[in-house]
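Peer 1: Provided below: query.txt, containing compact mmCIF, N, CA and C atoms.
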# COMPACT_ATOMS: atom_id res chain seq x y z
N MET W 1 -1.75 -3.67 1.11
CA MET W 1 -2.80 -4.42 0.47
C MET W 1 -4.10 -4.15 1.20
N ASP W 2 -5.13 -4.02 0.42
CA ASP W 2 -6.43 -3.72 1.02
C ASP W 2 -7.01 -4.96 1.71
N LYS W 3 -7.52 -4.72 2.90
CA LYS W 3 -8.22 -5.73 3.68
C LYS W 3 -7.41 -7.01 3.87
N PHE W 4 -6.14 -6.85 4.14
CA PHE W 4 -5.26 -8.00 4.31
C PHE W 4 -5.68 -8.88 5.48
N LYS W 5 -6.13 -8.29 6.56
CA LYS W 5 -6.53 -9.09 7.73
C LYS W 5 -7.65 -10.04 7.36
N ARG W 6 -8.54 -9.61 6.48
CA ARG W 6 -9.63 -10.49 6.04
C ARG W 6 -9.09 -11.71 5.30
N THR W 7 -8.01 -11.52 4.55
CA THR W 7 -7.38 -12.66 3.87
C THR W 7 -6.92 -13.67 4.91
N ASN W 8 -6.22 -13.20 5.93
CA ASN W 8 -5.77 -14.10 7.00
C ASN W 8 -6.93 -14.77 7.69
N ASP W 9 -7.97 -14.00 8.00
CA ASP W 9 -9.11 -14.55 8.73
C ASP W 9 -9.88 -15.57 7.90
N LYS W 10 -10.04 -15.30 6.63
CA LYS W 10 -10.85 -16.18 5.77
C LYS W 10 -10.08 -17.40 5.28
N TRP W 11 -8.82 -17.20 4.87
CA TRP W 11 -8.06 -18.27 4.22
C TRP W 11 -6.96 -18.84 5.11
N GLY W 12 -6.66 -18.19 6.23
CA GLY W 12 -5.64 -18.69 7.13
C GLY W 12 -4.31 -17.98 6.94
N HIS W 13 -3.45 -18.16 7.94
CA HIS W 13 -2.16 -17.46 7.94
C HIS W 13 -1.23 -17.95 6.83
N TYR W 14 -1.34 -19.21 6.45
CA TYR W 14 -0.52 -19.68 5.33
C TYR W 14 -0.86 -18.88 4.07
N ALA W 15 -2.15 -18.72 3.81
CA ALA W 15 -2.57 -17.94 2.63
C ALA W 15 -2.08 -16.49 2.76
N GLY W 16 -2.17 -15.93 3.96
CA GLY W 16 -1.68 -14.57 4.17
C GLY W 16 -0.20 -14.46 3.88
N ASP W 17 0.57 -15.45 4.29
CA ASP W 17 2.01 -15.45 4.01
C ASP W 17 2.27 -15.53 2.51
N VAL W 18 1.52 -16.35 1.80
CA VAL W 18 1.69 -16.46 0.35
C VAL W 18 1.35 -15.14 -0.33
N VAL W 19 0.29 -14.49 0.13
CA VAL W 19 -0.10 -13.19 -0.43
C VAL W 19 1.01 -12.16 -0.18
N LEU W 20 1.53 -12.12 1.05
CA LEU W 20 2.61 -11.19 1.37
C LEU W 20 3.84 -11.44 0.49
N GLN W 21 4.18 -12.70 0.29
CA GLN W 21 5.33 -13.02 -0.55
C GLN W 21 5.09 -12.60 -2.00
N SER W 22 3.90 -12.85 -2.51
CA SER W 22 3.58 -12.46 -3.90
C SER W 22 3.59 -10.94 -4.05
N PHE W 23 3.01 -10.26 -3.07
CA PHE W 23 2.99 -8.80 -3.09
C PHE W 23 4.41 -8.25 -3.08
N THR W 24 5.23 -8.77 -2.18
CA THR W 24 6.61 -8.30 -2.04
C THR W 24 7.39 -8.53 -3.32
N ARG W 25 7.26 -9.71 -3.88
CA ARG W 25 7.97 -10.02 -5.13
C ARG W 25 7.51 -9.10 -6.26
N THR W 26 6.21 -8.89 -6.37
CA THR W 26 5.66 -8.03 -7.42
C THR W 26 6.21 -6.61 -7.31
N VAL W 27 6.23 -6.07 -6.10
CA VAL W 27 6.73 -4.71 -5.91
C VAL W 27 8.24 -4.65 -6.15
N GLN W 28 8.99 -5.55 -5.53
CA GLN W 28 10.45 -5.52 -5.65
C GLN W 28 10.91 -5.64 -7.10
N GLU W 29 10.24 -6.44 -7.89
CA GLU W 29 10.65 -6.65 -9.28
C GLU W 29 10.42 -5.43 -10.15
N ARG W 30 9.67 -4.45 -9.65
CA ARG W 30 9.35 -3.28 -10.45
C ARG W 30 10.03 -2.01 -9.96
N LEU W 31 10.93 -2.16 -9.02
CA LEU W 31 11.64 -1.01 -8.48
C LEU W 31 13.10 -1.01 -8.95
N ARG W 32 13.69 0.18 -8.91
CA ARG W 32 15.11 0.31 -9.23
C ARG W 32 15.95 -0.18 -8.06
N LYS W 33 17.20 -0.47 -8.34
CA LYS W 33 18.11 -0.90 -7.27
C LYS W 33 18.29 0.19 -6.22
N SER W 34 18.14 1.44 -6.60
CA SER W 34 18.32 2.55 -5.66
C SER W 34 17.10 2.79 -4.78
N ASP W 35 15.97 2.20 -5.12
CA ASP W 35 14.75 2.37 -4.33
C ASP W 35 14.81 1.48 -3.08
N ILE W 36 14.14 1.92 -2.04
CA ILE W 36 14.13 1.17 -0.79
C ILE W 36 12.69 0.76 -0.51
N PHE W 37 12.50 -0.53 -0.33
CA PHE W 37 11.17 -1.10 -0.09
C PHE W 37 11.24 -2.00 1.12
N GLY W 38 10.27 -1.87 2.00
CA GLY W 38 10.26 -2.75 3.16
C GLY W 38 8.96 -2.67 3.92
N ARG W 39 8.83 -3.57 4.85
CA ARG W 39 7.67 -3.60 5.72
C ARG W 39 7.87 -2.51 6.76
N PHE W 40 6.81 -1.78 7.03
CA PHE W 40 6.89 -0.63 7.93
C PHE W 40 5.80 -0.79 8.98
N GLY W 41 6.10 -1.52 10.02
CA GLY W 41 5.08 -1.78 11.02
C GLY W 41 4.33 -3.04 10.66
N GLY W 42 3.37 -3.39 11.46
CA GLY W 42 2.63 -4.63 11.33
C GLY W 42 2.24 -5.03 9.93
N GLU W 43 1.35 -4.28 9.32
CA GLU W 43 0.84 -4.63 8.00
C GLU W 43 1.11 -3.51 6.99
N GLU W 44 2.05 -2.67 7.28
CA GLU W 44 2.33 -1.53 6.40
C GLU W 44 3.63 -1.73 5.65
N PHE W 45 3.65 -1.22 4.43
CA PHE W 45 4.85 -1.23 3.61
C PHE W 45 5.16 0.20 3.21
N ILE W 46 6.42 0.44 2.91
CA ILE W 46 6.83 1.77 2.50
C ILE W 46 7.86 1.64 1.38
N VAL W 47 7.82 2.59 0.45
CA VAL W 47 8.79 2.63 -0.64
C VAL W 47 9.38 4.02 -0.66
N PHE W 48 10.72 4.10 -0.66
CA PHE W 48 11.40 5.38 -0.85
C PHE W 48 11.95 5.37 -2.27
N LEU W 49 11.62 6.41 -3.01
CA LEU W 49 12.05 6.54 -4.40
C LEU W 49 12.96 7.76 -4.52
N PRO W 50 14.26 7.57 -4.30
CA PRO W 50 15.18 8.71 -4.37
C PRO W 50 15.20 9.32 -5.77
N LYS W 51 15.35 10.64 -5.79
CA LYS W 51 15.52 11.38 -7.03
C LYS W 51 14.36 11.19 -8.00
N CYS W 52 13.14 11.18 -7.48
CA CYS W 52 11.94 11.08 -8.31
C CYS W 52 11.07 12.32 -8.10
N SER W 53 10.62 12.88 -9.18
CA SER W 53 9.69 13.99 -9.10
C SER W 53 8.32 13.47 -8.66
N ALA W 54 7.44 14.38 -8.30
CA ALA W 54 6.08 13.99 -7.93
C ALA W 54 5.40 13.27 -9.09
N GLU W 55 5.64 13.74 -10.30
CA GLU W 55 5.01 13.14 -11.48
C GLU W 55 5.50 11.71 -11.70
N VAL W 56 6.80 11.50 -11.63
CA VAL W 56 7.36 10.16 -11.81
C VAL W 56 6.90 9.24 -10.68
N THR W 57 6.88 9.75 -9.46
CA THR W 57 6.41 8.96 -8.32
C THR W 57 4.98 8.50 -8.54
N ALA W 58 4.12 9.38 -9.03
CA ALA W 58 2.72 9.01 -9.30
C ALA W 58 2.64 7.95 -10.39
N GLN W 59 3.47 8.07 -11.41
CA GLN W 59 3.49 7.06 -12.47
C GLN W 59 3.90 5.70 -11.92
N ILE W 60 4.93 5.68 -11.10
CA ILE W 60 5.39 4.43 -10.49
C ILE W 60 4.31 3.85 -9.60
N ALA W 61 3.69 4.68 -8.79
CA ALA W 61 2.63 4.21 -7.88
C ALA W 61 1.46 3.62 -8.66
N ASN W 62 1.06 4.28 -9.73
CA ASN W 62 -0.04 3.75 -10.53
C ASN W 62 0.34 2.44 -11.21
N ARG W 63 1.58 2.34 -11.67
CA ARG W 63 2.04 1.10 -12.28
C ARG W 63 2.05 -0.03 -11.24
N LEU W 64 2.52 0.27 -10.02
CA LEU W 64 2.51 -0.74 -8.97
C LEU W 64 1.09 -1.17 -8.63
N LEU W 65 0.19 -0.21 -8.56
CA LEU W 65 -1.21 -0.52 -8.27
C LEU W 65 -1.78 -1.48 -9.31
N GLU W 66 -1.52 -1.21 -10.58
CA GLU W 66 -1.99 -2.09 -11.66
C GLU W 66 -1.37 -3.48 -11.57
N GLU W 67 -0.09 -3.53 -11.27
CA GLU W 67 0.60 -4.83 -11.16
C GLU W 67 0.05 -5.64 -10.00
N VAL W 68 -0.18 -5.00 -8.87
CA VAL W 68 -0.73 -5.70 -7.72
C VAL W 68 -2.13 -6.20 -8.04
N GLU W 69 -2.93 -5.35 -8.66
CA GLU W 69 -4.31 -5.74 -9.00
C GLU W 69 -4.34 -6.91 -9.98
N SER W 70 -3.34 -7.02 -10.84
CA SER W 70 -3.33 -8.10 -11.83
C SER W 70 -2.75 -9.41 -11.28
N MET W 71 -2.28 -9.38 -10.04
CA MET W 71 -1.72 -10.60 -9.44
C MET W 71 -2.81 -11.65 -9.26
N ASP W 72 -2.48 -12.89 -9.57
CA ASP W 72 -3.28 -14.05 -9.18
C ASP W 72 -2.42 -14.81 -8.20
N VAL W 73 -2.91 -14.95 -6.98
CA VAL W 73 -2.11 -15.58 -5.93
C VAL W 73 -2.65 -16.98 -5.67
N PRO W 74 -1.97 -18.00 -6.22
CA PRO W 74 -2.44 -19.37 -5.99
C PRO W 74 -2.11 -19.81 -4.57
N ILE W 75 -3.12 -20.30 -3.88
CA ILE W 75 -2.91 -20.76 -2.50
C ILE W 75 -2.69 -22.27 -2.49
N ASP W 76 -3.54 -22.97 -3.19
CA ASP W 76 -3.33 -24.39 -3.42
C ASP W 76 -4.11 -24.77 -4.67
N GLU W 77 -3.94 -25.98 -5.13
CA GLU W 77 -4.54 -26.39 -6.39
C GLU W 77 -6.06 -26.48 -6.36
N SER W 78 -6.65 -26.59 -5.17
CA SER W 78 -8.10 -26.75 -5.08
C SER W 78 -8.86 -25.44 -5.00
N ARG W 79 -8.16 -24.34 -4.89
CA ARG W 79 -8.83 -23.04 -4.73
C ARG W 79 -8.54 -22.14 -5.92
N THR W 80 -9.48 -21.26 -6.19
CA THR W 80 -9.26 -20.21 -7.18
C THR W 80 -8.20 -19.26 -6.63
N PRO W 81 -7.27 -18.79 -7.45
CA PRO W 81 -6.25 -17.85 -6.95
C PRO W 81 -6.90 -16.61 -6.33
N LEU W 82 -6.27 -16.11 -5.29
CA LEU W 82 -6.77 -14.91 -4.62
C LEU W 82 -6.39 -13.67 -5.42
N LYS W 83 -7.24 -12.66 -5.37
CA LYS W 83 -6.98 -11.37 -5.99
C LYS W 83 -6.66 -10.38 -4.87
N VAL W 84 -5.80 -9.43 -5.19
CA VAL W 84 -5.32 -8.48 -4.20
C VAL W 84 -5.41 -7.07 -4.79
N THR W 85 -5.74 -6.11 -3.95
CA THR W 85 -5.65 -4.71 -4.34
C THR W 85 -4.86 -3.97 -3.27
N ALA W 86 -4.50 -2.73 -3.59
CA ALA W 86 -3.73 -1.92 -2.65
C ALA W 86 -4.20 -0.48 -2.70
N SER W 87 -3.98 0.21 -1.63
CA SER W 87 -4.18 1.65 -1.56
C SER W 87 -2.81 2.27 -1.33
N ILE W 88 -2.52 3.34 -2.06
CA ILE W 88 -1.19 3.92 -1.99
C ILE W 88 -1.28 5.42 -1.71
N GLY W 89 -0.52 5.87 -0.73
CA GLY W 89 -0.41 7.29 -0.42
C GLY W 89 0.96 7.79 -0.80
N ILE W 90 1.00 8.95 -1.44
CA ILE W 90 2.27 9.52 -1.93
C ILE W 90 2.56 10.83 -1.22
N SER W 91 3.82 10.99 -0.87
CA SER W 91 4.32 12.27 -0.38
C SER W 91 5.70 12.47 -1.00
N THR W 92 5.98 13.66 -1.45
CA THR W 92 7.30 13.95 -2.00
C THR W 92 8.04 14.90 -1.07
N PHE W 93 9.35 14.77 -1.09
CA PHE W 93 10.20 15.57 -0.22
C PHE W 93 10.02 17.06 -0.48
N GLN W 94 9.88 17.80 0.61
CA GLN W 94 9.78 19.26 0.56
C GLN W 94 10.92 19.84 1.39
N PRO W 95 11.42 21.02 1.02
CA PRO W 95 12.48 21.63 1.83
C PRO W 95 12.07 21.72 3.30
N GLY W 96 12.97 21.34 4.16
CA GLY W 96 12.70 21.36 5.60
C GLY W 96 12.09 20.07 6.12
N ASP W 97 11.80 19.12 5.24
CA ASP W 97 11.21 17.86 5.68
C ASP W 97 12.15 17.07 6.57
N THR W 98 11.55 16.32 7.44
CA THR W 98 12.23 15.27 8.18
C THR W 98 11.65 13.95 7.67
N LEU W 99 12.28 12.86 8.01
CA LEU W 99 11.73 11.57 7.65
C LEU W 99 10.32 11.42 8.22
N SER W 100 10.14 11.86 9.44
CA SER W 100 8.83 11.76 10.09
C SER W 100 7.76 12.56 9.37
N SER W 101 8.07 13.79 8.95
CA SER W 101 7.06 14.60 8.27
C SER W 101 6.72 14.03 6.89
N LEU W 102 7.71 13.49 6.21
CA LEU W 102 7.48 12.86 4.91
C LEU W 102 6.57 11.65 5.06
N ILE W 103 6.84 10.81 6.03
CA ILE W 103 6.03 9.61 6.27
C ILE W 103 4.63 9.99 6.75
N GLU W 104 4.54 11.00 7.60
CA GLU W 104 3.22 11.44 8.10
C GLU W 104 2.32 11.89 6.95
N ARG W 105 2.88 12.63 5.99
CA ARG W 105 2.08 13.07 4.84
C ARG W 105 1.69 11.89 3.95
N ALA W 106 2.60 10.93 3.77
CA ALA W 106 2.26 9.74 2.98
C ALA W 106 1.15 8.96 3.66
N ASP W 107 1.20 8.88 4.99
CA ASP W 107 0.16 8.19 5.75
C ASP W 107 -1.19 8.90 5.59
N CYS W 108 -1.17 10.21 5.63
CA CYS W 108 -2.40 10.99 5.43
C CYS W 108 -2.97 10.71 4.03
N ALA W 109 -2.11 10.72 3.02
CA ALA W 109 -2.56 10.44 1.65
C ALA W 109 -3.08 9.01 1.54
N LEU W 110 -2.47 8.09 2.25
CA LEU W 110 -2.94 6.71 2.25
C LEU W 110 -4.37 6.63 2.78
N TYR W 111 -4.62 7.30 3.88
CA TYR W 111 -5.98 7.28 4.43
C TYR W 111 -6.97 7.99 3.51
N GLN W 112 -6.51 8.97 2.77
CA GLN W 112 -7.38 9.58 1.76
C GLN W 112 -7.72 8.57 0.67
N ALA W 113 -6.75 7.74 0.28
CA ALA W 113 -7.00 6.69 -0.71
C ALA W 113 -8.00 5.67 -0.17
N LYS W 114 -7.85 5.29 1.08
CA LYS W 114 -8.79 4.34 1.67
C LYS W 114 -10.19 4.94 1.74
N ALA W 115 -10.26 6.20 2.14
CA ALA W 115 -11.57 6.87 2.25
C ALA W 115 -12.23 7.02 0.88
N ALA W 116 -11.42 7.04 -0.17
CA ALA W 116 -11.95 7.16 -1.54
C ALA W 116 -12.41 5.82 -2.09
N GLY W 117 -12.33 4.77 -1.30
CA GLY W 117 -12.82 3.48 -1.74
C GLY W 117 -11.76 2.42 -1.93
N ARG W 118 -10.53 2.74 -1.62
CA ARG W 118 -9.40 1.82 -1.73
C ARG W 118 -9.08 1.52 -3.18
N ASN W 119 -8.02 0.73 -3.38
CA ASN W 119 -7.53 0.36 -4.71
C ASN W 119 -7.29 1.60 -5.58
N CYS W 120 -6.61 2.58 -4.99
CA CYS W 120 -6.30 3.80 -5.73
C CYS W 120 -5.05 4.45 -5.14
N VAL W 121 -4.56 5.44 -5.87
CA VAL W 121 -3.39 6.22 -5.45
C VAL W 121 -3.86 7.63 -5.10
N ARG W 122 -3.36 8.16 -4.02
CA ARG W 122 -3.63 9.55 -3.67
C ARG W 122 -2.32 10.21 -3.27
N ALA W 123 -2.08 11.37 -3.83
CA ALA W 123 -0.93 12.18 -3.44
C ALA W 123 -1.37 13.09 -2.31
N TYR W 124 -0.47 13.35 -1.40
CA TYR W 124 -0.78 14.24 -0.29
C TYR W 124 -1.23 15.59 -0.82
N GLN W 125 -2.37 16.04 -0.33
CA GLN W 125 -2.91 17.35 -0.67
C GLN W 125 -3.20 18.08 0.63
N PRO W 126 -2.48 19.14 0.93
CA PRO W 126 -2.67 19.81 2.22
C PRO W 126 -4.07 20.37 2.41
N ASP W 127 -4.79 20.61 1.34
CA ASP W 127 -6.13 21.18 1.46
C ASP W 127 -7.20 20.13 1.70
N HIS W 128 -6.82 18.84 1.62
CA HIS W 128 -7.78 17.78 1.86
C HIS W 128 -7.86 17.49 3.35
N GLN W 129 -8.66 16.48 3.69
CA GLN W 129 -8.86 16.13 5.09
C GLN W 129 -7.55 15.93 5.81
N THR W 130 -7.56 16.24 7.09
CA THR W 130 -6.40 15.89 7.91
C THR W 130 -6.34 14.38 8.03
N SER W 131 -5.22 13.86 8.43
CA SER W 131 -5.10 12.42 8.55
C SER W 131 -6.10 11.85 9.55
N VAL W 132 -6.39 12.58 10.62
CA VAL W 132 -7.36 12.10 11.60
C VAL W 132 -8.74 12.03 10.97
N ASP W 133 -9.15 13.07 10.23
CA ASP W 133 -10.45 13.06 9.56
C ASP W 133 -10.53 11.93 8.55
N ALA W 134 -9.48 11.74 7.77
CA ALA W 134 -9.48 10.69 6.76
C ALA W 134 -9.54 9.32 7.43
N ARG W 135 -8.79 9.14 8.51
CA ARG W 135 -8.82 7.86 9.22
C ARG W 135 -10.22 7.57 9.74
N ASN W 136 -10.87 8.59 10.26
CA ASN W 136 -12.21 8.39 10.80
C ASN W 136 -13.23 8.12 9.72
N SER W 137 -12.98 8.57 8.49
CA SER W 137 -13.94 8.34 7.42
C SER W 137 -13.78 6.97 6.78
N VAL W 138 -12.68 6.28 7.06
CA VAL W 138 -12.51 4.92 6.59
C VAL W 138 -13.45 4.06 7.41
N SER W 139 -14.02 3.03 6.79
CA SER W 139 -15.02 2.21 7.48
C SER W 139 -14.55 1.81 8.87
N ARG W 140 -15.48 1.61 9.74
CA ARG W 140 -15.18 1.33 11.13
C ARG W 140 -14.57 -0.04 11.34
N ASP W 141 -14.31 -0.78 10.30
CA ASP W 141 -13.63 -2.06 10.47
C ASP W 141 -12.12 -1.83 10.49
N ASN W 142 -11.69 -0.78 11.18
CA ASN W 142 -10.27 -0.43 11.21
C ASN W 142 -9.41 -1.56 11.75
N ILE W 143 -10.01 -2.49 12.45
CA ILE W 143 -9.26 -3.66 12.88
C ILE W 143 -8.80 -4.42 11.65
N ASP W 144 -9.52 -4.26 10.55
CA ASP W 144 -9.21 -4.93 9.29
C ASP W 144 -8.27 -4.14 8.43
N MET W 145 -7.56 -3.19 9.00
CA MET W 145 -6.73 -2.33 8.18
C MET W 145 -5.81 -3.16 7.30
N PRO W 146 -5.74 -2.81 6.03
CA PRO W 146 -4.92 -3.58 5.10
C PRO W 146 -3.45 -3.30 5.27
N THR W 147 -2.66 -4.14 4.63
CA THR W 147 -1.25 -3.83 4.51
C THR W 147 -1.19 -2.61 3.63
N GLU W 148 -0.39 -1.66 4.00
CA GLU W 148 -0.41 -0.38 3.32
C GLU W 148 0.89 -0.12 2.60
N ALA W 149 0.74 0.26 1.38
CA ALA W 149 1.91 0.67 0.62
C ALA W 149 1.90 2.18 0.57
N SER W 150 2.95 2.80 1.14
CA SER W 150 3.04 4.24 1.12
C SER W 150 4.27 4.66 0.34
N LEU W 151 4.11 5.65 -0.49
CA LEU W 151 5.23 6.20 -1.24
C LEU W 151 5.47 7.60 -0.77
Translate this structure into structure tokens?
Peer 2:
Amino acid sequence: MDKFKRTNDKWGHYAGDVVLQSFTRTVQERLRKSDIFGRFGGEEFIVFLPKCSAEVTAQIANRLLEEVESMDVPIDESRTPLKVTASIGISTFQPGDTLSSLIERADCALYQAKAAGRNCVRAYQPDHQTSVDARNSVSRDNIDMPTEASL
């Protein structure tokens, strides 16, 4: 989720927990039983989509992005529901891949999505910025790094 730390800072940890629960439920309800979804590090999430082509993976990622963006997260009755967006990086399995190389490419694509303004999907493109360049081009509020959904 984009700028998740700001949600915690502005609305409190209870609101952050509610957002995380809503996000998790939204994603889980749209995945197959064979897909693996979980939290990957502090504020990062990862989805493994077995037996999916790059094209199908992109379709799923875009559908998830739309579903997350359409979420209204009620915190309490006195507040307007919170809106959430996400940035998604995609990497597909290549011959010779290890789990680490697959995740590293997804992470690079994620930073490309953030550098493109967030709330978008980016597939790993080897000709684009390296992950270090992309990370550096994301605003310097990196302490505010959002919860990240990587495919």
Peer 1: Which residues of range 72-95 of chain W come within 8 Å of range 17-39 of chain W, and what is each one's closest atom pair and distance in Å (one decimal), counting only N, CA and C atoms, sorted by chain and residue number, as JSON lines?
Peer 2:
{"residue": "W:Asp72", "atom": "C", "partner": "W:Ser22", "partner_atom": "CA", "distance": 7.7}
{"residue": "W:Val73", "atom": "CA", "partner": "W:Val19", "partner_atom": "CA", "distance": 6.3}
{"residue": "W:Pro74", "atom": "C", "partner": "W:Val18", "partner_atom": "CA", "distance": 7.1}
{"residue": "W:Ile75", "atom": "CA", "partner": "W:Val18", "partner_atom": "CA", "distance": 6.9}
{"residue": "W:Val84", "atom": "CA", "partner": "W:Val19", "partner_atom": "CA", "distance": 8.0}
Peer 1: For Cys108 in chain W, which residue among W:Pro95, W:Cys120, W:Gly16, W:Gln125 is the nearest when counting only C-alpha atoms?
Peer 2: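 Looking only at the distances to Cys108 in chain W, the closest residue turns out to be W:Gln125.
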Peer 1: Write out as a ChimeraX atom specification all residues of chain W that backbone DSSP assigns to alpha helix (DSSP H).
Peer 2: /W:4-11,13-28,54-69,99-115,131-137
Peer 1: Find the distance between atom N of Ser70 in chain W and atom C of Thr7 in chain W and write it in Å to one decimal.
Peer 2: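 One can read the atom N of Ser70 in chain W to atom C of Thr7 in chain W distance as 17.5 Å.
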Peer 1: Just how far from atom N of Ala115 in chain W is atom C of Thr85 in chain W, in Å to one decimal?
Peer 2: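 Taking atom C of Thr85 in chain W as the start and atom N of Ala115 in chain W as the end point, the length is 12.7 Å.
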Peer 1: Could you please determine the separation between CA of Met71 in chain W and CA of Ile88 in chain W in Å, to one decimal place?
Peer 2: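 It comes out at 16.3 Å.
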Peer 1: Hey, what does DSSP flag as strand (DSSP E) within range 59-143 of chain W? Can you give it to me as number ranges by chain?
Peer 2: W: 88-90, 121-123
Peer 1: Which of these residues is nearest to Leu110 in chain W, using all atoms listed in the file: W:Lys10, W:Lys5, W:Arg63, W:Arg122?
Peer 2: W:Arg122
Peer 1: Smallest atom-to-atom distance to Ser53 in chain W: which of W:Lys114, W:Pro126, W:Phe93, W:Lys83, using all atoms listed in the file?
Peer 2: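 Ranking W:Lys114, W:Pro126, W:Phe93, W:Lys83 by distance to Ser53 in chain W, first place goes to W:Phe93.
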Peer 1: Which residues, protein or nucleic acid, reach to within 8 Å of (13.9, 14.4, -4.7) in the file's coordinates when using all atoms listed in the file, and can you give that as number ranges by chain?
Peer 2: W: 49-54, 92-94
Peer 1: Using all atoms listed in the file, which of W:Val121, W:Asp2, W:Arg79, W:Thr98 sits nearest Asn62 in chain W?
Peer 2: W:Val121
Peer 1: I'd like the neighbourhood of Ala86 in chain W as a list in words, where a residue qualifies if any of its atoms comes within 6.5 Å (using all atoms listed in the file), though same-chain residues fewer than 5 positions away should be ignored.
Peer 2: Met1, Asp2, Leu65, Val68, Glu69, Arg118, Asn119, Cys120 and Ala149 of chain W
Peer 1: Using the partial input, fill out range 112-124 of chain W with N, CA, C and O atoms; write the result as an mmCIF file, keeping the file's coordinate frame.
Peer 2:
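What ended up in out.cif:
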data_model
loop_
_atom_site.group_PDB
_atom_site.id
_atom_site.type_symbol
_atom_site.label_atom_id
_atom_site.label_comp_id
_atom_site.auth_asym_id
_atom_site.auth_seq_id
_atom_site.Cartn_x
_atom_site.Cartn_y
_atom_site.Cartn_z
ATOM 1 N N GLN W 112 -6.510 8.970 2.770
ATOM 2 C CA GLN W 112 -7.380 9.580 1.760
ATOM 3 C C GLN W 112 -7.720 8.570 0.670
ATOM 4 O O GLN W 112 -8.856 8.514 0.199
ATOM 5 N N ALA W 113 -6.750 7.740 0.280
ATOM 6 C CA ALA W 113 -7.000 6.690 -0.710
ATOM 7 C C ALA W 113 -8.000 5.670 -0.170
ATOM 8 O O ALA W 113 -8.915 5.246 -0.889
ATOM 9 N N LYS W 114 -7.850 5.290 1.080
ATOM 10 C CA LYS W 114 -8.790 4.340 1.670
ATOM 11 C C LYS W 114 -10.190 4.940 1.740
ATOM 12 O O LYS W 114 -11.179 4.267 1.432
ATOM 13 N N ALA W 115 -10.260 6.200 2.140
ATOM 14 C CA ALA W 115 -11.570 6.870 2.250
ATOM 15 C C ALA W 115 -12.230 7.020 0.880
ATOM 16 O O ALA W 115 -13.452 7.088 0.789
ATOM 17 N N ALA W 116 -11.420 7.040 -0.170
ATOM 18 C CA ALA W 116 -11.950 7.160 -1.540
ATOM 19 C C ALA W 116 -12.410 5.820 -2.090
ATOM 20 O O ALA W 116 -12.831 5.751 -3.243
ATOM 21 N N GLY W 117 -12.330 4.770 -1.300
ATOM 22 C CA GLY W 117 -12.820 3.480 -1.740
ATOM 23 C C GLY W 117 -11.760 2.420 -1.930
ATOM 24 O O GLY W 117 -12.055 1.326 -2.369
ATOM 25 N N ARG W 118 -10.530 2.740 -1.620
ATOM 26 C CA ARG W 118 -9.400 1.820 -1.730
ATOM 27 C C ARG W 118 -9.080 1.520 -3.180
ATOM 28 O O ARG W 118 -9.730 1.997 -4.091
ATOM 29 N N ASN W 119 -8.020 0.730 -3.380
ATOM 30 C CA ASN W 119 -7.530 0.360 -4.710
ATOM 31 C C ASN W 119 -7.290 1.600 -5.580
ATOM 32 O O ASN W 119 -7.695 1.666 -6.733
ATOM 33 N N CYS W 120 -6.610 2.580 -4.990
ATOM 34 C CA CYS W 120 -6.300 3.800 -5.730
ATOM 35 C C CYS W 120 -5.050 4.450 -5.140
ATOM 36 O O CYS W 120 -4.565 4.053 -4.094
ATOM 37 N N VAL W 121 -4.560 5.440 -5.870
ATOM 38 C CA VAL W 121 -3.390 6.220 -5.450
ATOM 39 C C VAL W 121 -3.860 7.630 -5.100
ATOM 40 O O VAL W 121 -4.658 8.210 -5.844
ATOM 41 N N ARG W 122 -3.360 8.160 -4.020
ATOM 42 C CA ARG W 122 -3.630 9.550 -3.670
ATOM 43 C C ARG W 122 -2.320 10.210 -3.270
ATOM 44 O O ARG W 122 -1.577 9.672 -2.460
ATOM 45 N N ALA W 123 -2.080 11.370 -3.830
ATOM 46 C CA ALA W 123 -0.930 12.180 -3.440
ATOM 47 C C ALA W 123 -1.370 13.090 -2.310
ATOM 48 O O ALA W 123 -2.521 13.543 -2.280
ATOM 49 N N TYR W 124 -0.470 13.350 -1.400
ATOM 50 C CA TYR W 124 -0.780 14.240 -0.290
ATOM 51 C C TYR W 124 -1.230 15.590 -0.820
ATOM 52 O O TYR W 124 -0.569 16.195 -1.668
#
